[in-house]
file model00.txt (compact mmCIF, C-alpha atoms and all ligand atoms)
# COMPACT_ATOMS: atom_id res chain seq x y z
CA MET A 1452 3.32 -187.90 113.39
CA ALA A 1453 0.82 -190.67 113.02
CA VAL A 1454 -1.75 -190.06 115.70
CA GLN A 1455 -3.30 -193.25 116.95
CA LYS A 1456 -6.59 -193.69 118.70
CA PRO A 1457 -5.95 -194.12 122.41
CA SER A 1458 -5.83 -197.78 123.28
CA LYS A 1459 -8.67 -199.13 125.35
CA GLY A 1460 -8.21 -198.20 128.96
CA SER A 1461 -5.29 -195.87 128.40
CA ILE A 1462 -7.16 -192.83 129.67
CA THR A 1463 -9.83 -194.57 131.63
CA LYS A 1464 -10.47 -195.40 135.23
CA PRO A 1465 -11.31 -199.07 135.84
CA THR A 1466 -14.67 -198.09 137.31
CA ASP A 1467 -15.96 -196.40 134.15
CA SER A 1468 -18.91 -197.91 132.35
CA ALA A 1469 -18.57 -198.86 128.69
CA GLU A 1470 -20.57 -195.77 127.73
CA GLU A 1471 -18.30 -193.53 129.80
CA VAL A 1472 -15.16 -195.09 128.32
CA PHE A 1473 -16.57 -194.57 124.86
CA ALA A 1474 -17.48 -190.97 125.58
CA LYS A 1475 -14.09 -190.07 127.08
CA GLU A 1476 -11.97 -191.72 124.43
CA GLY A 1477 -14.24 -190.39 121.75
CA LYS A 1478 -13.86 -186.82 122.95
CA VAL A 1479 -10.07 -186.89 123.00
CA ALA A 1480 -9.56 -188.90 119.84
CA GLY A 1481 -12.45 -187.33 118.00
CA HIS A 1482 -11.05 -183.87 118.32
CA ILE A 1483 -7.78 -184.99 116.72
CA LEU A 1484 -9.79 -186.52 113.90
CA GLU A 1485 -11.73 -183.30 113.44
CA LYS A 1486 -8.55 -181.17 113.28
CA LEU A 1487 -6.98 -183.49 110.75
CA ASP A 1488 -10.13 -183.56 108.68
CA ASP A 1489 -10.25 -179.76 108.66
CA GLU A 1490 -6.67 -179.63 107.40
CA ILE A 1491 -7.41 -182.16 104.69
CA LEU A 1492 -10.39 -180.05 103.66
CA ASN A 1493 -8.21 -176.92 103.62
CA ILE A 1494 -5.71 -178.60 101.35
CA ASN A 1495 -8.44 -179.72 98.99
CA ARG A 1496 -9.86 -176.21 99.06
CA MET A 1497 -6.44 -174.80 98.23
CA GLN A 1498 -5.90 -177.30 95.44
CA HIS A 1499 -9.35 -176.48 94.13
CA GLY A 1500 -8.38 -172.79 94.20
CA LEU A 1501 -5.10 -173.44 92.41
CA ARG A 1502 -6.91 -175.26 89.64
CA GLY A 1503 -9.47 -172.51 89.37
CA ALA A 1504 -6.81 -169.80 89.29
CA SER A 1505 -4.86 -171.45 86.50
CA THR A 1506 -7.84 -172.30 84.33
CA MET A 1507 -8.82 -169.58 81.89
CA LYS A 1508 -11.80 -171.42 80.42
CA GLN A 1509 -13.56 -174.23 82.23
CA PRO A 1510 -13.63 -177.28 79.95
CA SER A 1511 -16.65 -179.55 79.99
CA ILE A 1512 -16.54 -182.81 81.93
CA GLU A 1513 -16.24 -184.74 78.64
CA GLU A 1514 -13.29 -182.55 77.55
CA GLU A 1515 -11.61 -182.96 80.93
CA ILE A 1516 -11.99 -186.75 80.84
CA GLU A 1517 -10.58 -186.86 77.31
CA LEU A 1518 -7.59 -184.71 78.28
CA HIS A 1519 -6.81 -186.57 81.48
CA ASP A 1520 -7.43 -190.04 80.04
CA SER A 1521 -4.27 -189.65 77.96
CA GLY A 1522 -2.18 -189.69 81.14
CA LYS A 1523 -0.07 -186.80 79.90
CA GLU A 1524 -0.92 -184.72 82.90
CA ASP A 1525 0.39 -187.23 85.43
CA GLU A 1526 3.79 -185.65 85.67
CA ALA A 1527 2.51 -182.14 86.19
CA ASN A 1528 0.00 -183.34 88.72
CA GLU A 1529 2.67 -184.89 90.93
CA ASN A 1530 3.76 -181.36 91.71
CA TRP A 1531 0.36 -179.92 92.40
CA HIS A 1532 1.28 -179.03 95.97
CA ILE A 1533 4.14 -176.82 94.85
CA ALA A 1534 2.94 -173.23 94.61
CA SER A 1535 2.06 -172.04 91.16
CA GLU A 1536 3.43 -168.69 90.00
CA TYR A 1537 0.11 -167.18 90.99
CA TYR A 1538 0.49 -168.24 94.60
CA LYS A 1539 4.25 -167.64 94.83
CA ASN A 1540 3.60 -163.98 94.35
CA ILE A 1541 1.17 -163.59 97.19
CA ASP A 1542 1.91 -164.15 100.83
CA THR A 1543 -1.50 -164.81 102.27
CA LYS A 1544 -2.32 -166.08 105.74
CA ALA A 1545 -4.22 -168.90 104.13
CA PHE A 1546 -1.17 -170.06 102.26
CA ARG A 1547 0.99 -170.17 105.40
CA GLN A 1548 -1.69 -172.26 107.09
CA TYR A 1549 -1.62 -174.55 104.12
CA ASP A 1550 2.15 -175.00 104.42
CA LEU A 1551 1.85 -175.91 108.10
CA ALA A 1552 -1.00 -178.30 107.51
CA CYS A 1553 0.87 -179.95 104.73
CA ASP A 1554 3.32 -181.87 106.96
CA ARG A 1555 0.69 -183.31 109.26
CA VAL A 1556 -1.56 -184.20 106.39
CA LYS A 1557 1.35 -185.75 104.51
CA GLN A 1558 2.06 -188.02 107.49
CA PHE A 1559 -1.60 -188.98 107.63
CA TYR A 1560 -1.59 -189.91 103.95
CA GLU A 1561 1.62 -191.94 104.35
CA GLU A 1562 -0.19 -194.15 106.82
CA GLN A 1563 -3.41 -194.28 104.79
CA HIS A 1564 -1.60 -195.17 101.57
CA GLU A 1565 0.38 -197.91 103.28
CA LYS A 1566 -2.59 -199.57 104.99
CA GLN A 1567 -5.48 -199.34 102.52
CA THR A 1568 -4.98 -202.71 100.84
CA VAL A 1569 -7.38 -205.03 99.02
CA ALA A 1570 -7.26 -207.42 101.98
CA TYR A 1571 -8.13 -204.68 104.46
CA ASN A 1572 -10.96 -203.40 102.27
CA ILE A 1573 -12.56 -206.83 101.89
CA GLN A 1574 -12.39 -207.32 105.66
CA ALA A 1575 -13.88 -203.86 106.32
CA ARG A 1576 -16.86 -204.72 104.10
CA ILE A 1577 -17.34 -208.08 105.79
CA ASN A 1578 -17.27 -206.33 109.17
CA PHE A 1579 -19.82 -203.81 107.96
CA LYS A 1580 -22.23 -206.45 106.69
CA THR A 1581 -22.00 -208.81 109.64
CA LYS A 1582 -22.44 -206.32 112.44
CA THR A 1583 -24.78 -203.57 113.57
CA ARG A 1584 -22.77 -200.90 115.36
CA ALA A 1585 -25.68 -198.85 116.67
CA ARG A 1586 -29.41 -198.36 116.21
CA MET A 1587 -30.60 -194.77 116.24
CA SER A 1588 -32.25 -192.07 114.16
CA ILE A 1589 -30.28 -189.93 111.71
CA TRP A 1590 -30.67 -186.90 113.96
CA GLU A 1591 -29.45 -188.85 116.99
CA GLY A 1592 -26.46 -189.91 114.90
CA LEU A 1593 -25.67 -186.27 114.10
CA GLU A 1594 -25.96 -185.33 117.76
CA LYS A 1595 -23.77 -188.25 118.81
CA LEU A 1596 -21.08 -187.32 116.31
CA ASN A 1597 -21.31 -183.71 117.34
CA LYS A 1598 -21.05 -184.44 121.04
CA LEU A 1599 -18.14 -186.84 120.70
CA LEU A 1600 -16.13 -184.56 118.46
CA ASP A 1601 -17.02 -181.33 120.14
CA ASP A 1602 -16.81 -181.53 123.89
CA SER A 1603 -13.06 -181.90 124.26
CA ASP A 1604 -12.05 -178.47 123.03
CA PRO A 1605 -13.75 -175.16 123.82
CA ASP A 1606 -11.73 -173.46 121.05
CA THR A 1607 -13.41 -175.39 118.29
CA GLU A 1608 -15.39 -172.77 116.42
CA LEU A 1609 -17.38 -175.04 114.19
CA SER A 1610 -18.70 -178.44 115.07
CA GLN A 1611 -19.70 -181.32 112.84
CA ILE A 1612 -23.36 -180.41 113.11
CA ASP A 1613 -22.54 -176.81 112.13
CA HIS A 1614 -20.77 -178.08 109.00
CA ALA A 1615 -23.72 -180.36 108.24
CA ILE A 1616 -26.26 -177.55 108.66
CA GLN A 1617 -24.15 -174.98 106.81
CA THR A 1618 -23.73 -177.30 103.85
CA ALA A 1619 -27.44 -178.15 103.81
CA GLU A 1620 -28.50 -174.51 104.22
CA ALA A 1621 -26.21 -173.38 101.37
CA ILE A 1622 -27.81 -176.01 99.12
CA ARG A 1623 -31.29 -175.02 100.28
CA ARG A 1624 -30.57 -171.31 99.76
CA ASP A 1625 -29.69 -172.07 96.14
CA GLY A 1626 -33.10 -173.65 95.65
CA LYS A 1627 -31.78 -177.17 95.10
CA PRO A 1628 -34.03 -180.23 95.53
CA ARG A 1629 -34.84 -181.51 98.97
CA TRP A 1630 -32.85 -184.73 98.51
CA PHE A 1631 -29.78 -182.59 97.69
CA GLN A 1632 -30.29 -180.62 100.91
CA LEU A 1633 -30.44 -183.88 102.86
CA VAL A 1634 -27.12 -184.97 101.34
CA GLY A 1635 -25.62 -181.76 102.71
CA LEU A 1636 -26.89 -182.70 106.15
CA ILE A 1637 -25.74 -186.32 106.27
CA HIS A 1638 -22.73 -186.56 103.95
CA ASP A 1639 -20.20 -186.68 106.82
CA LEU A 1640 -22.30 -188.71 109.24
CA GLY A 1641 -20.20 -191.75 108.37
CA LYS A 1642 -17.45 -190.31 110.57
CA LEU A 1643 -19.27 -192.12 113.37
CA LEU A 1644 -17.25 -195.04 112.10
CA TYR A 1645 -14.32 -193.65 114.04
CA PHE A 1646 -16.11 -194.44 117.28
CA PHE A 1647 -17.26 -197.88 116.24
CA ASP A 1648 -14.65 -200.16 114.72
CA SER A 1649 -12.13 -198.19 112.67
CA LYS A 1650 -8.44 -198.92 113.06
CA GLY A 1651 -7.42 -195.28 113.15
CA GLN A 1652 -7.95 -192.08 111.22
CA TRP A 1653 -6.67 -193.55 107.98
CA ASP A 1654 -9.80 -195.67 107.47
CA VAL A 1655 -12.25 -192.87 108.25
CA VAL A 1656 -11.16 -189.60 106.61
CA GLY A 1657 -8.94 -188.37 103.77
CA ASP A 1658 -9.24 -188.55 100.01
CA THR A 1659 -10.32 -191.94 98.70
CA PHE A 1660 -9.05 -194.02 95.77
CA PRO A 1661 -9.58 -197.46 94.24
CA VAL A 1662 -7.71 -200.48 95.57
CA GLY A 1663 -7.08 -203.54 93.41
CA CYS A 1664 -5.56 -201.66 90.48
CA LYS A 1665 -2.63 -199.35 89.91
CA PHE A 1666 -2.59 -196.30 92.19
CA SER A 1667 -2.93 -193.18 90.07
CA LYS A 1668 -0.25 -190.53 90.16
CA ARG A 1669 -3.11 -188.08 90.51
CA ILE A 1670 -3.81 -189.19 94.07
CA ILE A 1671 -2.37 -186.79 96.62
CA PHE A 1672 1.20 -187.79 97.69
CA PRO A 1673 1.37 -190.73 95.26
CA ASP A 1674 4.90 -191.79 96.23
CA SER A 1675 3.69 -193.06 99.59
CA PHE A 1676 2.00 -196.03 97.91
CA LYS A 1677 5.39 -197.66 97.42
CA VAL A 1678 5.15 -199.24 100.87
CA ASN A 1679 1.63 -200.55 100.32
CA PRO A 1680 1.84 -204.39 100.06
CA ASP A 1681 -0.39 -204.25 96.96
CA PHE A 1682 2.07 -201.98 95.15
CA LEU A 1683 4.22 -204.89 94.01
CA ASN A 1684 1.41 -207.44 93.67
CA PRO A 1685 1.01 -208.26 89.95
CA LEU A 1686 -2.71 -208.91 90.49
CA TYR A 1687 -3.26 -205.39 91.71
CA ASN A 1688 -0.62 -203.17 90.15
CA THR A 1689 -1.69 -203.04 86.53
CA LYS A 1690 -3.84 -200.31 84.97
CA TYR A 1691 -7.06 -202.33 85.33
CA GLY A 1692 -5.93 -204.76 88.06
CA ILE A 1693 -8.94 -206.82 89.16
CA TYR A 1694 -11.33 -204.64 87.13
CA SER A 1695 -11.97 -204.22 83.41
CA LYS A 1696 -12.13 -201.29 81.02
CA HIS A 1697 -15.16 -199.04 81.70
CA CYS A 1698 -16.60 -201.60 84.13
CA GLY A 1699 -18.29 -198.82 86.10
CA LEU A 1700 -17.28 -197.41 89.48
CA ASP A 1701 -19.96 -199.40 91.25
CA LYS A 1702 -17.80 -202.47 90.64
CA VAL A 1703 -14.67 -200.75 91.93
CA MET A 1704 -13.63 -201.06 95.57
CA LEU A 1705 -12.85 -197.60 96.91
CA SER A 1706 -10.68 -197.21 99.99
CA TRP A 1707 -12.84 -197.69 103.08
CA GLY A 1708 -13.82 -194.61 105.02
CA HIS A 1709 -16.76 -192.43 106.06
CA ASP A 1710 -17.96 -192.00 102.46
CA GLU A 1711 -18.29 -195.68 101.61
CA TYR A 1712 -19.70 -196.51 105.03
CA MET A 1713 -22.39 -193.82 104.92
CA TYR A 1714 -23.22 -194.72 101.31
CA HIS A 1715 -24.12 -198.26 102.42
CA VAL A 1716 -26.12 -196.99 105.41
CA ALA A 1717 -28.06 -194.57 103.18
CA LYS A 1718 -28.55 -197.11 100.40
CA ASN A 1719 -29.95 -199.68 102.83
CA ASN A 1720 -32.24 -197.32 104.68
CA SER A 1721 -33.36 -194.47 102.44
CA THR A 1722 -35.21 -193.66 99.25
CA LEU A 1723 -32.57 -191.12 98.20
CA PRO A 1724 -31.98 -190.99 94.41
CA GLN A 1725 -28.82 -192.40 92.87
CA GLU A 1726 -27.29 -188.93 92.46
CA ALA A 1727 -27.58 -188.41 96.20
CA LEU A 1728 -25.99 -191.77 96.96
CA ALA A 1729 -23.15 -190.97 94.54
CA MET A 1730 -22.54 -187.61 96.24
CA ILE A 1731 -22.21 -189.37 99.59
CA ARG A 1732 -20.10 -192.21 98.24
CA TYR A 1733 -17.66 -190.22 96.15
CA HIS A 1734 -17.36 -186.86 97.89
CA SER A 1735 -13.79 -187.64 99.06
CA PHE A 1736 -12.80 -189.26 95.77
CA TYR A 1737 -10.85 -186.15 94.77
CA PRO A 1738 -8.54 -187.97 92.32
CA TRP A 1739 -11.67 -188.71 90.30
CA HIS A 1740 -13.99 -185.75 90.73
CA GLN A 1741 -11.26 -183.10 90.60
CA GLU A 1742 -8.38 -184.76 88.74
CA TYR A 1743 -10.34 -187.04 86.40
CA ALA A 1744 -8.18 -190.03 87.28
CA TYR A 1745 -9.56 -193.52 86.63
CA SER A 1746 -11.83 -192.33 83.81
CA TYR A 1747 -10.98 -195.65 82.11
CA LEU A 1748 -12.99 -197.44 84.82
CA MET A 1749 -16.07 -195.23 84.38
CA ASP A 1750 -19.19 -196.25 82.51
CA ASP A 1751 -21.73 -193.83 81.04
CA HIS A 1752 -23.74 -193.78 84.23
CA ASP A 1753 -20.67 -192.54 86.14
CA LYS A 1754 -20.42 -189.52 83.83
CA GLU A 1755 -23.81 -188.40 85.09
CA MET A 1756 -22.83 -189.15 88.68
CA LEU A 1757 -19.63 -187.13 88.24
CA LYS A 1758 -21.70 -184.03 87.46
CA ALA A 1759 -23.68 -184.58 90.65
CA VAL A 1760 -20.59 -185.13 92.81
CA ARG A 1761 -18.92 -182.02 91.43
CA ALA A 1762 -22.06 -180.00 92.08
CA PHE A 1763 -22.04 -181.17 95.68
CA ASN A 1764 -18.31 -180.64 96.21
CA THR A 1765 -18.56 -176.86 95.93
CA TYR A 1766 -20.97 -176.75 98.85
CA ASP A 1767 -18.80 -179.10 100.93
CA LEU A 1768 -15.71 -176.96 100.38
CA TYR A 1769 -17.08 -173.48 100.49
CA SER A 1770 -20.06 -173.45 102.81
CA LYS A 1771 -17.92 -173.15 105.96
CA ILE A 1772 -18.68 -169.70 107.21
CA ASP A 1773 -18.42 -167.96 110.55
CA GLN A 1774 -22.13 -167.57 110.91
CA GLN A 1775 -23.60 -170.29 113.05
CA TYR A 1776 -27.18 -171.25 112.52
CA ASP A 1777 -29.62 -171.78 115.33
CA ILE A 1778 -29.77 -175.56 115.24
CA GLU A 1779 -32.88 -175.80 117.44
CA GLU A 1780 -34.73 -173.39 115.15
CA LEU A 1781 -33.83 -175.39 112.03
CA LYS A 1782 -34.31 -178.81 113.61
CA PRO A 1783 -38.04 -179.24 112.74
CA TYR A 1784 -37.32 -178.53 109.06
CA TYR A 1785 -34.55 -181.11 108.91
CA LEU A 1786 -36.43 -183.72 110.95
CA GLU A 1787 -39.19 -183.54 108.36
CA LEU A 1788 -36.64 -183.76 105.56
CA ILE A 1789 -35.06 -186.87 107.13
CA ASP A 1790 -38.50 -188.49 107.54
CA GLU A 1791 -39.25 -187.88 103.88
CA PHE A 1792 -36.35 -190.04 102.70
CA PHE A 1793 -35.72 -192.41 105.62
CA PRO A 1794 -39.01 -194.31 106.08
CA ASN A 1795 -37.85 -195.96 109.30
CA LYS A 1796 -37.03 -193.56 112.10
CA VAL A 1797 -34.52 -195.88 113.76
CA ILE A 1798 -31.90 -197.33 111.46
CA ASP A 1799 -28.95 -199.70 111.68
CA PHE A 1800 -25.56 -197.99 111.64
FE FE B 1901 -16.50 -185.93 104.18
FE FE B 1902 -18.01 -182.31 104.59
call {"tool": "encode", "arguments": {"input": "model00.txt", "output": "structure tokens", "more": "lines below"}}
Ligand SMILES: [Fe+2]
Ligand SMILES: [Fe+2]
result
Amino acid sequence: MAVQKPSKGSITKPTDSAEEVFAKEGKVAGHILEKLDDEILNINRMQHGLRGASTMKQPSIEEEIELHDSGKEDEANENWHIASEYYKNIDTKAFRQYDLACDRVKQFYEEQHEKQTVAYNIQARINFKTKTRARMSIWEGLEKLNKLLDDSDPDTELSQIDHAIQTAEAIRRDGKPRWFQLVGLIHDLGKLLYFFDSKGQWDVVGDTFPVGCKFSKRIIFPDSFKVNPDFLNPLYNTKYGIYSKHCGLDKVMLSWGHDEYMYHVAKNNSTLPQEALAMIRYHSFYPWHQEYAYSYLMDDHDKEMLKAVRAFNTYDLYSKIDQQYDIEELKPYYLELIDEFFPNKVIDF
């Protein structure tokens, strides 16, 4: 089931203003996006758990890169979604939910893997640079995202702003630097893209991966790349493709989505350190930060960034709790935090 955004006017009365159309379509479509994104997160959480359960001793990042660089683990990794012995022996509610989510998420990835091409990614970047989608403050952006995703379904327990605050509060509770806390708050703000000019869900959420070189077997559902037009293109289907050995990830075009979009917004408008920008840019790049794929494209700087992204990932995955914070109570703290790193109150989205 590939869920499409409703076409313009499909659920709209002719008398509606542009703002009303946007709000209505956003509410319906946004909720579907949110559900899908939650399922993707659950699968990543489960995969994370599987890796943790089967690892007796945690190797260092350097050891992991060395091990995975050989490519020997590709075959085993193709079957990551099949339950390990550990999980076969327990029948948990969480695992059944994972099985159910798997089909929907698989269909989502089939579409994403077919459509994320080099051509699409170049166009998405041109669109980003030649257009301003909205002008507002970071907090207004959070509220807009929250409202659009939230209003359609009273059963939604946790909203986008709850996830943002929970992630930020978990980072703050652990005494991490203020810039790190701000990353927690804004890392998913790029999902606003869905309401601006995305083509569907496939160019907003989901794990990301490089385009322009061979698709790694360590990307989730790797077989679905066979229908991507780039799959048979000799310019793009070799190990390095349009890149070169250890060229650095900054030179690599990652599939377009909320990470890459928000990275550019934050880079253009904030004084956040490079670790913070890397956390935003790569937080959905699971094939890299969890599976150590594409280590042959990394430079030394990326090794440092990998540590940062992995540090952030734990908070993204595991900070979702039932407790809801009082947003109004916390708002002054976070407004001050935003002001500290975003010199201009109103920014271009
Ligand atoms: Fe995200
Ligand atoms: Fe997140």
call {"tool": "residues_around", "arguments": {"input": "model00.txt", "residues": "Glu1513 of chain A", "least_positions_apart": "6", "cutoff": "12 Å", "atoms": "only C-alpha atoms", "output": "PDB file with C-alpha atoms, in the frame of the given file"}}
result
ATOM      1  CA  HIS A1519      -6.810-186.570  81.480  1.00  0.00           C
ATOM      2  CA  ASP A1520      -7.430-190.040  80.040  1.00  0.00           C
ATOM      3  CA  TYR A1743     -10.340-187.040  86.400  1.00  0.00           C
ATOM      4  CA  SER A1746     -11.830-192.330  83.810  1.00  0.00           C
ATOM      5  CA  MET A1749     -16.070-195.230  84.380  1.00  0.00           C
ATOM      6  CA  ASP A1751     -21.730-193.830  81.040  1.00  0.00           C
ATOM      7  CA  ASP A1753     -20.670-192.540  86.140  1.00  0.00           C
ATOM      8  CA  LYS A1754     -20.420-189.520  83.830  1.00  0.00           C
ATOM      9  CA  GLU A1755     -23.810-188.400  85.090  1.00  0.00           C
ATOM     10  CA  LEU A1757     -19.630-187.130  88.240  1.00  0.00           C
ATOM     11  CA  LYS A1758     -21.700-184.030  87.460  1.00  0.00           C
TER      12      LYS A1758
END
call {"tool": "closest_residue", "arguments": {"input": "model00.txt", "among": "A:Ala1762, A:Ile1494, A:Leu1633, A:Ile1483", "to": "Asp1554 of chain A", "atoms": "only C-alpha atoms"}}
result
A:Ile1494
call {"tool": "residues_around", "arguments": {"input": "model00.txt", "residues": "Tyr1769 of chain A", "least_positions_apart": "5", "cutoff": "12 Å", "atoms": "all atoms listed in the file", "output": "PyMOL selection string"}}
result
chain A and resi 1492-1493+1495-1497+1499-1500+1614+1617-1619+1621-1622+1762-1764
call {"tool": "residues_near_ligand", "arguments": {"input": "model00.txt", "ligand": "ligand FE 1901 (chain B)", "cutoff": "12 Å", "atoms": "all atoms listed in the file", "output": "PDB file with C-alpha atoms, in the coordinates of the input"}}
result
ATOM      1  CA  LEU A1484      -9.790-186.520 113.900  1.00  0.00           C
ATOM      2  CA  GLU A1485     -11.730-183.300 113.440  1.00  0.00           C
ATOM      3  CA  LEU A1487      -6.980-183.490 110.750  1.00  0.00           C
ATOM      4  CA  ASP A1488     -10.130-183.560 108.680  1.00  0.00           C
ATOM      5  CA  ASP A1489     -10.250-179.760 108.660  1.00  0.00           C
ATOM      6  CA  ILE A1491      -7.410-182.160 104.690  1.00  0.00           C
ATOM      7  CA  LEU A1492     -10.390-180.050 103.660  1.00  0.00           C
ATOM      8  CA  ASN A1495      -8.440-179.720  98.990  1.00  0.00           C
ATOM      9  CA  GLN A1611     -19.700-181.320 112.840  1.00  0.00           C
ATOM     10  CA  HIS A1614     -20.770-178.080 109.000  1.00  0.00           C
ATOM     11  CA  ALA A1615     -23.720-180.360 108.240  1.00  0.00           C
ATOM     12  CA  THR A1618     -23.730-177.300 103.850  1.00  0.00           C
ATOM     13  CA  VAL A1634     -27.120-184.970 101.340  1.00  0.00           C
ATOM     14  CA  GLY A1635     -25.620-181.760 102.710  1.00  0.00           C
ATOM     15  CA  LEU A1636     -26.890-182.700 106.150  1.00  0.00           C
ATOM     16  CA  ILE A1637     -25.740-186.320 106.270  1.00  0.00           C
ATOM     17  CA  HIS A1638     -22.730-186.560 103.950  1.00  0.00           C
ATOM     18  CA  ASP A1639     -20.200-186.680 106.820  1.00  0.00           C
ATOM     19  CA  LEU A1640     -22.300-188.710 109.240  1.00  0.00           C
ATOM     20  CA  GLY A1641     -20.200-191.750 108.370  1.00  0.00           C
ATOM     21  CA  LYS A1642     -17.450-190.310 110.570  1.00  0.00           C
ATOM     22  CA  LEU A1643     -19.270-192.120 113.370  1.00  0.00           C
ATOM     23  CA  VAL A1655     -12.250-192.870 108.250  1.00  0.00           C
ATOM     24  CA  VAL A1656     -11.160-189.600 106.610  1.00  0.00           C
ATOM     25  CA  GLY A1657      -8.940-188.370 103.770  1.00  0.00           C
ATOM     26  CA  ASP A1658      -9.240-188.550 100.010  1.00  0.00           C
ATOM     27  CA  THR A1659     -10.320-191.940  98.700  1.00  0.00           C
ATOM     28  CA  GLY A1708     -13.820-194.610 105.020  1.00  0.00           C
ATOM     29  CA  HIS A1709     -16.760-192.430 106.060  1.00  0.00           C
ATOM     30  CA  ASP A1710     -17.960-192.000 102.460  1.00  0.00           C
ATOM     31  CA  GLU A1711     -18.290-195.680 101.610  1.00  0.00           C
ATOM     32  CA  TYR A1712     -19.700-196.510 105.030  1.00  0.00           C
ATOM     33  CA  MET A1713     -22.390-193.820 104.920  1.00  0.00           C
ATOM     34  CA  TYR A1714     -23.220-194.720 101.310  1.00  0.00           C
ATOM     35  CA  MET A1730     -22.540-187.610  96.240  1.00  0.00           C
ATOM     36  CA  ILE A1731     -22.210-189.370  99.590  1.00  0.00           C
ATOM     37  CA  ARG A1732     -20.100-192.210  98.240  1.00  0.00           C
ATOM     38  CA  TYR A1733     -17.660-190.220  96.150  1.00  0.00           C
ATOM     39  CA  HIS A1734     -17.360-186.860  97.890  1.00  0.00           C
ATOM     40  CA  SER A1735     -13.790-187.640  99.060  1.00  0.00           C
ATOM     41  CA  PHE A1736     -12.800-189.260  95.770  1.00  0.00           C
ATOM     42  CA  TYR A1737     -10.850-186.150  94.770  1.00  0.00           C
ATOM     43  CA  PHE A1763     -22.040-181.170  95.680  1.00  0.00           C
ATOM     44  CA  ASN A1764     -18.310-180.640  96.210  1.00  0.00           C
ATOM     45  CA  TYR A1766     -20.970-176.750  98.850  1.00  0.00           C
ATOM     46  CA  ASP A1767     -18.800-179.100 100.930  1.00  0.00           C
ATOM     47  CA  LEU A1768     -15.710-176.960 100.380  1.00  0.00           C
TER      48      LEU A1768
END
call {"tool": "closest_residue", "arguments": {"input": "model00.txt", "among": "A:Asp1654, A:Ile1616, A:Asn1795, A:Lys1696", "to": "ligand FE 1902 (chain B)", "atoms": "only C-alpha atoms and all ligand atoms"}}
result
A:Ile1616
call {"tool": "residues_around", "arguments": {"input": "model00.txt", "residues": "Lys1665 of chain A", "least_positions_apart": "3", "cutoff": "9 Å", "atoms": "only C-alpha atoms", "output": "ChimeraX atom specification"}}
result
/A:1661-1662,1681-1682,1687-1692
call {"tool": "atom_distance", "arguments": {"input": "model00.txt", "atom1": "atom CA of Phe1559 of chain A", "atom2": "atom CA of Gly1651 of chain A"}}
result
10.2 Å
call {"tool": "atom_distance", "arguments": {"input": "model00.txt", "atom1": "atom CA of Glu1594 of chain A", "atom2": "atom CA of Glu1490 of chain A"}}
result
22.6 Å
call {"tool": "atom_distance", "arguments": {"input": "model00.txt", "atom1": "atom CA of His1564 of chain A", "atom2": "atom CA of Phe1676 of chain A"}}
result
5.2 Å
call {"tool": "residues_around", "arguments": {"input": "model00.txt", "residues": "Ile1573 of chain A", "least_positions_apart": "6", "cutoff": "12 Å", "atoms": "all atoms listed in the file", "output": "list in words"}}
result
Gln1567, Phe1579, Lys1580, Val1662, Gly1663, Val1703, Met1704, Leu1705, Ser1706 and Trp1707 of chain A
call {"tool": "closest_residue", "arguments": {"input": "model00.txt", "among": "A:Asn1720, A:Tyr1747, A:Gln1558, A:Glu1742", "to": "Phe1792 of chain A", "atoms": "all atoms listed in the file"}}
result
A:Asn1720
call {"tool": "closest_residue", "arguments": {"input": "model00.txt", "among": "A:Leu1723, A:Ile1612, A:Asn1679, A:Cys1553", "to": "ligand FE 1902 (chain B)", "atoms": "all atoms listed in the file"}}
result
A:Ile1612
call {"tool": "residues_around", "arguments": {"input": "model00.txt", "residues": "Phe1793 of chain A", "least_positions_apart": "2", "cutoff": "8 Å", "atoms": "only C-alpha atoms", "output": "list in words"}}
result
Asn1720, Ser1721, Thr1722, Ile1789, Asp1790, Glu1791, Asn1795 and Lys1796 of chain A
call {"tool": "axis_aligned_box", "arguments": {"input": "model00.txt", "around": "segment 1633-1641 of chain A", "padding_each_side": "3 Å", "output": "lines of an AutoDock Vina configuration file"}}
result
center_x = -25.3
center_y = -186.8
center_z = 105.3
size_x = 16.2
size_y = 16.0
size_z = 13.9
call {"tool": "closest_residue", "arguments": {"input": "model00.txt", "among": "A:Glu1514, A:Glu1787, A:Asp1613, A:Asp1701", "to": "ligand FE 1902 (chain B)", "atoms": "all atoms listed in the file"}}
result
A:Asp1613
call {"tool": "closest_residue", "arguments": {"input": "model00.txt", "among": "A:Trp1653, A:Trp1590, A:Tyr1776, A:Phe1666", "to": "Leu1788 of chain A", "atoms": "only C-alpha atoms"}}
result
A:Trp1590
call {"tool": "decode", "arguments": {"input": "model00.txt", "residues": "segment 1768-1782 of chain A", "atoms": "C-alpha atoms", "output": "PDB file, in the first residue's frame"}}
result
ATOM      1  CA  LEU A1768      15.147   5.993  19.639  1.00  0.00           C
ATOM      2  CA  TYR A1769      14.647   5.624  23.335  1.00  0.00           C
ATOM      3  CA  SER A1770      13.360   8.900  24.690  1.00  0.00           C
ATOM      4  CA  LYS A1771       9.739   8.171  23.716  1.00  0.00           C
ATOM      5  CA  ILE A1772       8.006   7.722  27.010  1.00  0.00           C
ATOM      6  CA  ASP A1773       4.436   7.965  28.195  1.00  0.00           C
ATOM      7  CA  GLN A1774       5.093  10.970  30.351  1.00  0.00           C
ATOM      8  CA  GLN A1775       4.153  14.157  28.590  1.00  0.00           C
ATOM      9  CA  TYR A1776       5.918  17.318  29.556  1.00  0.00           C
ATOM     10  CA  ASP A1777       4.134  20.583  30.132  1.00  0.00           C
ATOM     11  CA  ILE A1778       5.131  22.337  26.935  1.00  0.00           C
ATOM     12  CA  GLU A1779       4.051  25.795  28.136  1.00  0.00           C
ATOM     13  CA  GLU A1780       6.162  25.410  31.264  1.00  0.00           C
ATOM     14  CA  LEU A1781       9.255  24.418  29.274  1.00  0.00           C
ATOM     15  CA  LYS A1782       8.709  26.892  26.450  1.00  0.00           C
TER      16      LYS A1782
END
